[in-house]
file start_28.cif (mmCIF, C-alpha atoms)
data_model
#
loop_
_atom_site.label_atom_id
_atom_site.label_comp_id
_atom_site.auth_asym_id
_atom_site.auth_seq_id
_atom_site.Cartn_x
_atom_site.Cartn_y
_atom_site.Cartn_z
CA MET A 1 9.04 -9.63 35.25
CA LYS A 2 9.30 -11.17 38.70
CA SER A 3 10.91 -14.55 39.10
CA LEU A 4 8.92 -17.48 40.38
CA MET A 5 10.85 -17.41 43.65
CA ALA A 6 10.06 -13.72 44.17
CA LEU A 7 6.35 -14.39 43.55
CA LEU A 8 6.36 -17.27 46.02
CA LYS A 9 8.06 -15.09 48.65
CA GLU A 10 5.53 -12.33 48.03
CA TYR A 11 2.56 -14.75 48.42
CA TRP A 12 4.13 -16.31 51.51
CA GLY A 13 4.47 -12.83 52.97
CA ILE A 14 0.77 -12.17 52.31
CA LEU A 15 -0.15 -15.41 54.06
CA ARG A 16 2.01 -14.50 57.06
CA ARG A 17 1.06 -10.83 57.18
CA PRO A 18 -1.30 -10.10 60.03
CA SER A 19 -4.73 -8.75 59.39
CA VAL A 20 -5.91 -6.54 62.20
CA HIS A 21 -5.31 -9.32 64.73
CA TYR A 22 -4.58 -12.57 62.86
CA SER A 23 -2.44 -13.57 59.90
CA LEU A 24 -4.03 -14.55 56.61
CA GLY A 25 -2.58 -18.06 57.05
CA PHE A 26 -4.33 -18.40 60.42
CA LEU A 27 -7.61 -17.15 58.94
CA THR A 28 -7.28 -19.57 56.01
CA LEU A 29 -6.60 -22.49 58.32
CA GLY A 30 -9.47 -21.42 60.57
CA GLY A 31 -11.76 -21.18 57.54
CA PHE A 32 -10.70 -24.66 56.45
CA ILE A 33 -11.45 -26.12 59.87
CA ALA A 34 -14.80 -24.27 60.03
CA GLY A 35 -15.60 -25.68 56.58
CA ILE A 36 -14.93 -29.22 57.79
CA ILE A 37 -17.17 -28.67 60.83
CA PHE A 38 -19.92 -27.18 58.64
CA TRP A 39 -19.65 -30.05 56.14
CA GLY A 40 -19.81 -32.63 58.93
CA GLY A 41 -22.87 -30.96 60.43
CA PHE A 42 -24.54 -30.64 57.02
CA ASN A 43 -23.88 -34.28 56.15
CA THR A 44 -25.09 -35.43 59.59
CA ALA A 45 -28.33 -33.46 59.15
CA LEU A 46 -28.71 -34.84 55.62
CA GLU A 47 -28.40 -38.42 56.83
CA ALA A 48 -30.70 -37.80 59.81
CA THR A 49 -33.42 -36.63 57.43
CA ASN A 50 -32.82 -39.67 55.24
CA THR A 51 -34.31 -42.26 57.60
CA GLU A 52 -37.71 -43.90 57.79
CA GLN A 53 -38.11 -42.64 61.38
CA PHE A 54 -37.76 -39.07 60.11
CA CYS A 55 -40.21 -39.67 57.26
CA ILE A 56 -42.95 -41.07 59.47
CA SER A 57 -42.41 -38.52 62.22
CA CYS A 58 -45.15 -36.42 60.62
CA HIS A 59 -48.61 -37.96 60.85
CA GLU A 60 -49.38 -37.26 57.16
CA MET A 61 -46.88 -39.94 56.16
CA ARG A 62 -47.30 -42.25 59.16
CA ASP A 63 -51.11 -42.41 58.93
CA ASN A 64 -51.42 -42.61 55.15
CA VAL A 65 -48.65 -44.04 52.98
CA TYR A 66 -46.68 -45.81 55.73
CA VAL A 67 -49.76 -47.80 56.78
CA GLU A 68 -50.22 -48.84 53.13
CA LEU A 69 -46.56 -49.86 52.79
CA GLN A 70 -46.94 -52.31 55.68
CA ASP A 71 -49.25 -54.51 53.57
CA THR A 72 -46.78 -54.90 50.69
CA ILE A 73 -43.92 -57.18 49.72
CA HIS A 74 -41.51 -54.25 50.14
CA TYR A 75 -42.27 -54.19 53.89
CA SER A 76 -42.49 -57.87 54.78
CA ASN A 77 -41.37 -60.81 52.64
CA ARG A 78 -39.78 -64.26 52.75
CA SER A 79 -36.22 -62.91 52.42
CA GLY A 80 -36.49 -60.34 55.22
CA VAL A 81 -35.10 -57.56 53.01
CA ARG A 82 -37.19 -54.44 53.58
CA ALA A 83 -37.34 -51.20 51.68
CA THR A 84 -37.66 -48.02 53.73
CA CYS A 85 -39.05 -44.67 52.56
CA PRO A 86 -35.65 -43.24 51.48
CA ASP A 87 -34.77 -46.41 49.57
CA CYS A 88 -37.56 -45.66 47.09
CA HIS A 89 -37.93 -41.91 47.32
CA VAL A 90 -34.37 -40.57 47.72
CA PRO A 91 -31.57 -41.26 45.21
CA HIS A 92 -28.38 -42.75 46.60
CA GLN A 93 -25.92 -40.60 44.61
CA TRP A 94 -25.00 -37.44 46.53
CA THR A 95 -25.83 -34.84 43.86
CA ASP A 96 -29.16 -36.52 43.03
CA LYS A 97 -29.89 -36.79 46.77
CA ILE A 98 -29.31 -33.05 47.26
CA ALA A 99 -31.59 -32.23 44.31
CA ARG A 100 -34.31 -34.48 45.75
CA LYS A 101 -33.94 -32.91 49.20
CA MET A 102 -34.40 -29.49 47.62
CA GLN A 103 -37.58 -30.73 45.91
CA ALA A 104 -38.75 -32.10 49.27
CA SER A 105 -38.69 -28.60 50.72
CA LYS A 106 -42.04 -28.13 48.96
CA GLU A 107 -43.35 -31.02 51.05
CA VAL A 108 -42.25 -29.15 54.20
CA TRP A 109 -44.22 -26.15 52.92
CA GLY A 110 -47.25 -28.43 52.57
CA LYS A 111 -46.72 -29.71 56.11
CA ILE A 112 -46.58 -26.19 57.53
CA PHE A 113 -49.76 -25.08 55.75
CA GLY A 114 -51.69 -28.33 56.23
CA THR A 115 -52.11 -29.22 52.55
CA ILE A 116 -52.61 -32.93 53.34
CA ASN A 117 -52.98 -32.92 57.13
CA THR A 118 -56.19 -34.97 57.11
CA ARG A 119 -57.04 -38.25 55.41
CA ASP A 120 -59.65 -36.52 53.22
CA LYS A 121 -57.17 -33.85 52.08
CA PHE A 122 -54.57 -36.53 51.39
CA LEU A 123 -57.01 -38.55 49.28
CA ALA A 124 -58.03 -35.40 47.40
CA HIS A 125 -54.36 -34.80 46.45
CA ARG A 126 -53.38 -38.46 46.06
CA ARG A 127 -53.49 -38.55 42.25
CA GLU A 128 -51.41 -35.37 41.94
CA LEU A 129 -48.84 -36.63 44.46
CA ALA A 130 -48.61 -40.00 42.71
CA GLU A 131 -48.21 -38.39 39.29
CA HIS A 132 -45.32 -36.26 40.56
CA GLU A 133 -43.58 -39.35 41.89
CA TRP A 134 -44.27 -41.39 38.72
CA ALA A 135 -42.89 -38.57 36.57
CA ARG A 136 -39.76 -38.33 38.74
CA LEU A 137 -39.15 -42.07 38.51
CA LYS A 138 -39.85 -42.09 34.77
CA ALA A 139 -37.38 -39.22 34.25
CA ASN A 140 -34.57 -40.97 36.13
CA ASP A 141 -35.27 -44.41 34.59
CA SER A 142 -36.55 -45.76 37.93
CA LEU A 143 -33.13 -45.26 39.50
CA GLU A 144 -34.28 -46.02 43.03
CA CYS A 145 -35.89 -49.31 41.89
CA ARG A 146 -32.67 -50.27 40.11
CA ASN A 147 -30.60 -49.71 43.24
CA CYS A 148 -32.05 -53.01 44.51
CA HIS A 149 -33.52 -54.67 41.41
CA ASN A 150 -30.62 -55.11 39.01
CA PHE A 151 -31.68 -56.12 35.49
CA ASP A 152 -28.36 -57.91 34.89
CA TYR A 153 -29.11 -60.38 37.70
CA MET A 154 -32.76 -61.10 36.94
CA ASP A 155 -33.46 -64.80 36.52
CA PHE A 156 -36.13 -64.77 33.81
CA THR A 157 -36.78 -68.49 34.28
CA LYS A 158 -38.24 -67.77 37.73
CA GLN A 159 -40.59 -65.07 36.45
CA SER A 160 -44.12 -65.44 35.15
CA PRO A 161 -44.41 -65.61 31.35
CA ARG A 162 -45.81 -62.05 31.19
CA ALA A 163 -43.09 -60.61 33.44
CA ARG A 164 -40.40 -62.49 31.50
CA GLN A 165 -41.72 -61.12 28.20
CA MET A 166 -41.96 -57.51 29.48
CA HIS A 167 -38.59 -57.53 31.25
CA SER A 168 -36.70 -59.12 28.37
CA SER A 169 -38.22 -56.82 25.74
CA ALA A 170 -39.56 -53.46 26.97
CA LEU A 171 -37.25 -53.09 29.95
CA ALA A 172 -34.17 -54.40 28.17
CA SER A 173 -34.69 -52.10 25.17
CA GLY A 174 -35.32 -49.02 27.30
CA GLU A 175 -38.82 -48.71 25.87
CA ALA A 176 -40.22 -48.86 29.41
CA THR A 177 -38.93 -48.44 32.92
CA CYS A 178 -39.98 -50.07 36.18
CA ILE A 179 -42.60 -47.46 37.14
CA ASP A 180 -44.44 -47.88 33.84
CA CYS A 181 -45.75 -51.29 34.96
CA HIS A 182 -45.26 -51.26 38.73
CA LYS A 183 -47.33 -48.28 39.85
CA GLY A 184 -48.92 -49.07 43.19
CA ILE A 185 -46.27 -51.63 44.13
CA ALA A 186 -45.82 -50.07 47.58
CA HIS A 187 -48.84 -47.80 48.04
CA GLN A 188 -52.50 -47.84 47.09
CA LEU A 189 -53.31 -46.43 43.68
CA PRO A 190 -55.41 -43.31 43.20
CA ASP A 191 -58.23 -43.20 40.65
CA MET A 192 -56.38 -44.39 37.55
CA SER A 193 -58.86 -43.22 34.93
CA GLY A 194 -56.96 -41.58 32.09
CA VAL A 195 -53.57 -43.03 33.05
CA PRO A 196 -52.03 -44.68 29.96
CA GLY A 197 -51.92 -48.46 30.22
CA TRP A 198 -54.49 -48.76 33.00
#

call {"tool": "encode", "arguments": {"input": "start_28.cif", "output": "structure tokens"}}
result
Amino acid sequence: MKSLMALLKEYWGILRRPSVHYSLGFLTLGGFIAGIIFWGGFNTALEATNTEQFCISCHEMRDNVYVELQDTIHYSNRSGVRATCPDCHVPHQWTDKIARKMQASKEVWGKIFGTINTRDKFLAHRRELAEHEWARLKANDSLECRNCHNFDYMDFTKQSPRARQMHSSALASGEATCIDCHKGIAHQLPDMSGVPGW
């Protein structure tokens, strides 16, 4: 059985041994540097596609949901804090963000084939699009809402009696999540017939 020192010398020799033109050590270092460049480019592209300007660069979003957002408290309010498209529709954690970006590739498919490229087509698909988003928020316990609205810091004394009652019971117990009661908080609602609680 080879000693540890002999194994280390053997591995070091492999790293220093030239391939056809370059040593394995040089190729490993080159691969590492290429990986850093790839990761930087990937992360830059990820962040560039995670801006409101990117979201409203296609007219389907700019002319439909973005116009609706401008009439809500999430766009303009007394505190000046404004939510942008990614704040509500893209998780902040990296792995969740990647998963959401992969789901969004279906939206690119819809853009290419004109699924909602007119107002009439958008309105025809509005309920389906809303239900997908409601289901996503329900499944992740309204994670994007909770990034800004932290239950631990809610001042129940400044809330209406109904909000106080719902937040301190259903929300606190986990029986409900934000999207259960706050559908349509940033965009117009579709036909809500058949939606539980409406």

call {"tool": "closest_residue", "arguments": {"input": "start_28.cif", "among": "A:Gly13, A:Pro86, A:Gly30, A:Gly110", "to": "A:Glu60", "atoms": "only C-alpha atoms"}}
result
A:Gly110

call {"tool": "residues_around", "arguments": {"input": "start_28.cif", "residues": "A:Thr72", "least_positions_apart": "3", "cutoff": "12 Å", "atoms": "all atoms listed in the file", "output": "ChimeraX atom specification"}}
result
/A:65-69,75-78,82-84,184-188

call {"tool": "write_last_selection", "arguments": {"input": "start_28.cif", "atoms": "C-alpha atoms", "output": "compact mmCIF listing (two decimals), keeping the file's coordinate frame"}}
result
# COMPACT_ATOMS: atom_id res chain seq x y z
CA VAL A 65 -48.65 -44.04 52.98
CA TYR A 66 -46.68 -45.81 55.73
CA VAL A 67 -49.76 -47.80 56.78
CA GLU A 68 -50.22 -48.84 53.13
CA LEU A 69 -46.56 -49.86 52.79
CA TYR A 75 -42.27 -54.19 53.89
CA SER A 76 -42.49 -57.87 54.78
CA ASN A 77 -41.37 -60.81 52.64
CA ARG A 78 -39.78 -64.26 52.75
CA ARG A 82 -37.19 -54.44 53.58
CA ALA A 83 -37.34 -51.20 51.68
CA THR A 84 -37.66 -48.02 53.73
CA GLY A 184 -48.92 -49.07 43.19
CA ILE A 185 -46.27 -51.63 44.13
CA ALA A 186 -45.82 -50.07 47.58
CA HIS A 187 -48.84 -47.80 48.04
CA GLN A 188 -52.50 -47.84 47.09

call {"tool": "atom_distance", "arguments": {"input": "start_28.cif", "atom1": "atom CA of A:Gly194", "atom2": "atom CA of A:Arg127"}}
result
11.2 Å

call {"tool": "residues_near_point", "arguments": {"input": "start_28.cif", "point": "(-53.7, -33.2, 47.3)", "cutoff": "12 Å", "atoms": "only C-alpha atoms", "output": "number ranges by chain"}}
result
A: 60, 107, 110-111, 114-132, 190

call {"tool": "atom_distance", "arguments": {"input": "start_28.cif", "atom1": "atom CA of A:Glu175", "atom2": "atom CA of A:Gln93"}}
result
24.2 Å

call {"tool": "atom_distance", "arguments": {"input": "start_28.cif", "atom1": "atom CA of A:Ile98", "atom2": "atom CA of A:Asn140"}}
result
14.6 Å

call {"tool": "resolve_selection", "arguments": {"input": "start_28.cif", "expression": "the PyMOL selection byres ((chain A and resi 159-166) around 12)", "output": "ChimeraX atom specification"}}
result
/A:151,154-158,167-178,180-182

call {"tool": "write_last_selection", "arguments": {"input": "start_28.cif", "atoms": "C-alpha atoms", "output": "PDB file, in the coordinates of the input"}}
result
ATOM      1  CA  PHE A 151     -31.680 -56.120  35.490  1.00  0.00           C
ATOM      2  CA  MET A 154     -32.760 -61.100  36.940  1.00  0.00           C
ATOM      3  CA  ASP A 155     -33.460 -64.800  36.520  1.00  0.00           C
ATOM      4  CA  PHE A 156     -36.130 -64.770  33.810  1.00  0.00           C
ATOM      5  CA  THR A 157     -36.780 -68.490  34.280  1.00  0.00           C
ATOM      6  CA  LYS A 158     -38.240 -67.770  37.730  1.00  0.00           C
ATOM      7  CA  HIS A 167     -38.590 -57.530  31.250  1.00  0.00           C
ATOM      8  CA  SER A 168     -36.700 -59.120  28.370  1.00  0.00           C
ATOM      9  CA  SER A 169     -38.220 -56.820  25.740  1.00  0.00           C
ATOM     10  CA  ALA A 170     -39.560 -53.460  26.970  1.00  0.00           C
ATOM     11  CA  LEU A 171     -37.250 -53.090  29.950  1.00  0.00           C
ATOM     12  CA  ALA A 172     -34.170 -54.400  28.170  1.00  0.00           C
ATOM     13  CA  SER A 173     -34.690 -52.100  25.170  1.00  0.00           C
ATOM     14  CA  GLY A 174     -35.320 -49.020  27.300  1.00  0.00           C
ATOM     15  CA  GLU A 175     -38.820 -48.710  25.870  1.00  0.00           C
ATOM     16  CA  ALA A 176     -40.220 -48.860  29.410  1.00  0.00           C
ATOM     17  CA  THR A 177     -38.930 -48.440  32.920  1.00  0.00           C
ATOM     18  CA  CYS A 178     -39.980 -50.070  36.180  1.00  0.00           C
ATOM     19  CA  ASP A 180     -44.440 -47.880  33.840  1.00  0.00           C
ATOM     20  CA  CYS A 181     -45.750 -51.290  34.960  1.00  0.00           C
ATOM     21  CA  HIS A 182     -45.260 -51.260  38.730  1.00  0.00           C
TER      22      HIS A 182
END

call {"tool": "residues_around", "arguments": {"input": "start_28.cif", "residues": "stretch 142-148 of chain A", "least_positions_apart": "3", "cutoff": "8 Å", "atoms": "only C-alpha atoms", "output": "list in words"}}
result
Asp87, Cys88, His89, Val90, Pro91, His92, Leu137, Lys138, Ala139, Phe151, Thr177, Cys178 and Ile179 of chain A

call {"tool": "write_last_selection", "arguments": {"input": "start_28.cif", "atoms": "C-alpha atoms", "output": "PDB file, keeping the file's coordinate frame"}}
result
ATOM      1  CA  ASP A  87     -34.770 -46.410  49.570  1.00  0.00           C
ATOM      2  CA  CYS A  88     -37.560 -45.660  47.090  1.00  0.00           C
ATOM      3  CA  HIS A  89     -37.930 -41.910  47.320  1.00  0.00           C
ATOM      4  CA  VAL A  90     -34.370 -40.570  47.720  1.00  0.00           C
ATOM      5  CA  PRO A  91     -31.570 -41.260  45.210  1.00  0.00           C
ATOM      6  CA  HIS A  92     -28.380 -42.750  46.600  1.00  0.00           C
ATOM      7  CA  LEU A 137     -39.150 -42.070  38.510  1.00  0.00           C
ATOM      8  CA  LYS A 138     -39.850 -42.090  34.770  1.00  0.00           C
ATOM      9  CA  ALA A 139     -37.380 -39.220  34.250  1.00  0.00           C
ATOM     10  CA  PHE A 151     -31.680 -56.120  35.490  1.00  0.00           C
ATOM     11  CA  THR A 177     -38.930 -48.440  32.920  1.00  0.00           C
ATOM     12  CA  CYS A 178     -39.980 -50.070  36.180  1.00  0.00           C
ATOM     13  CA  ILE A 179     -42.600 -47.460  37.140  1.00  0.00           C
TER      14      ILE A 179
END
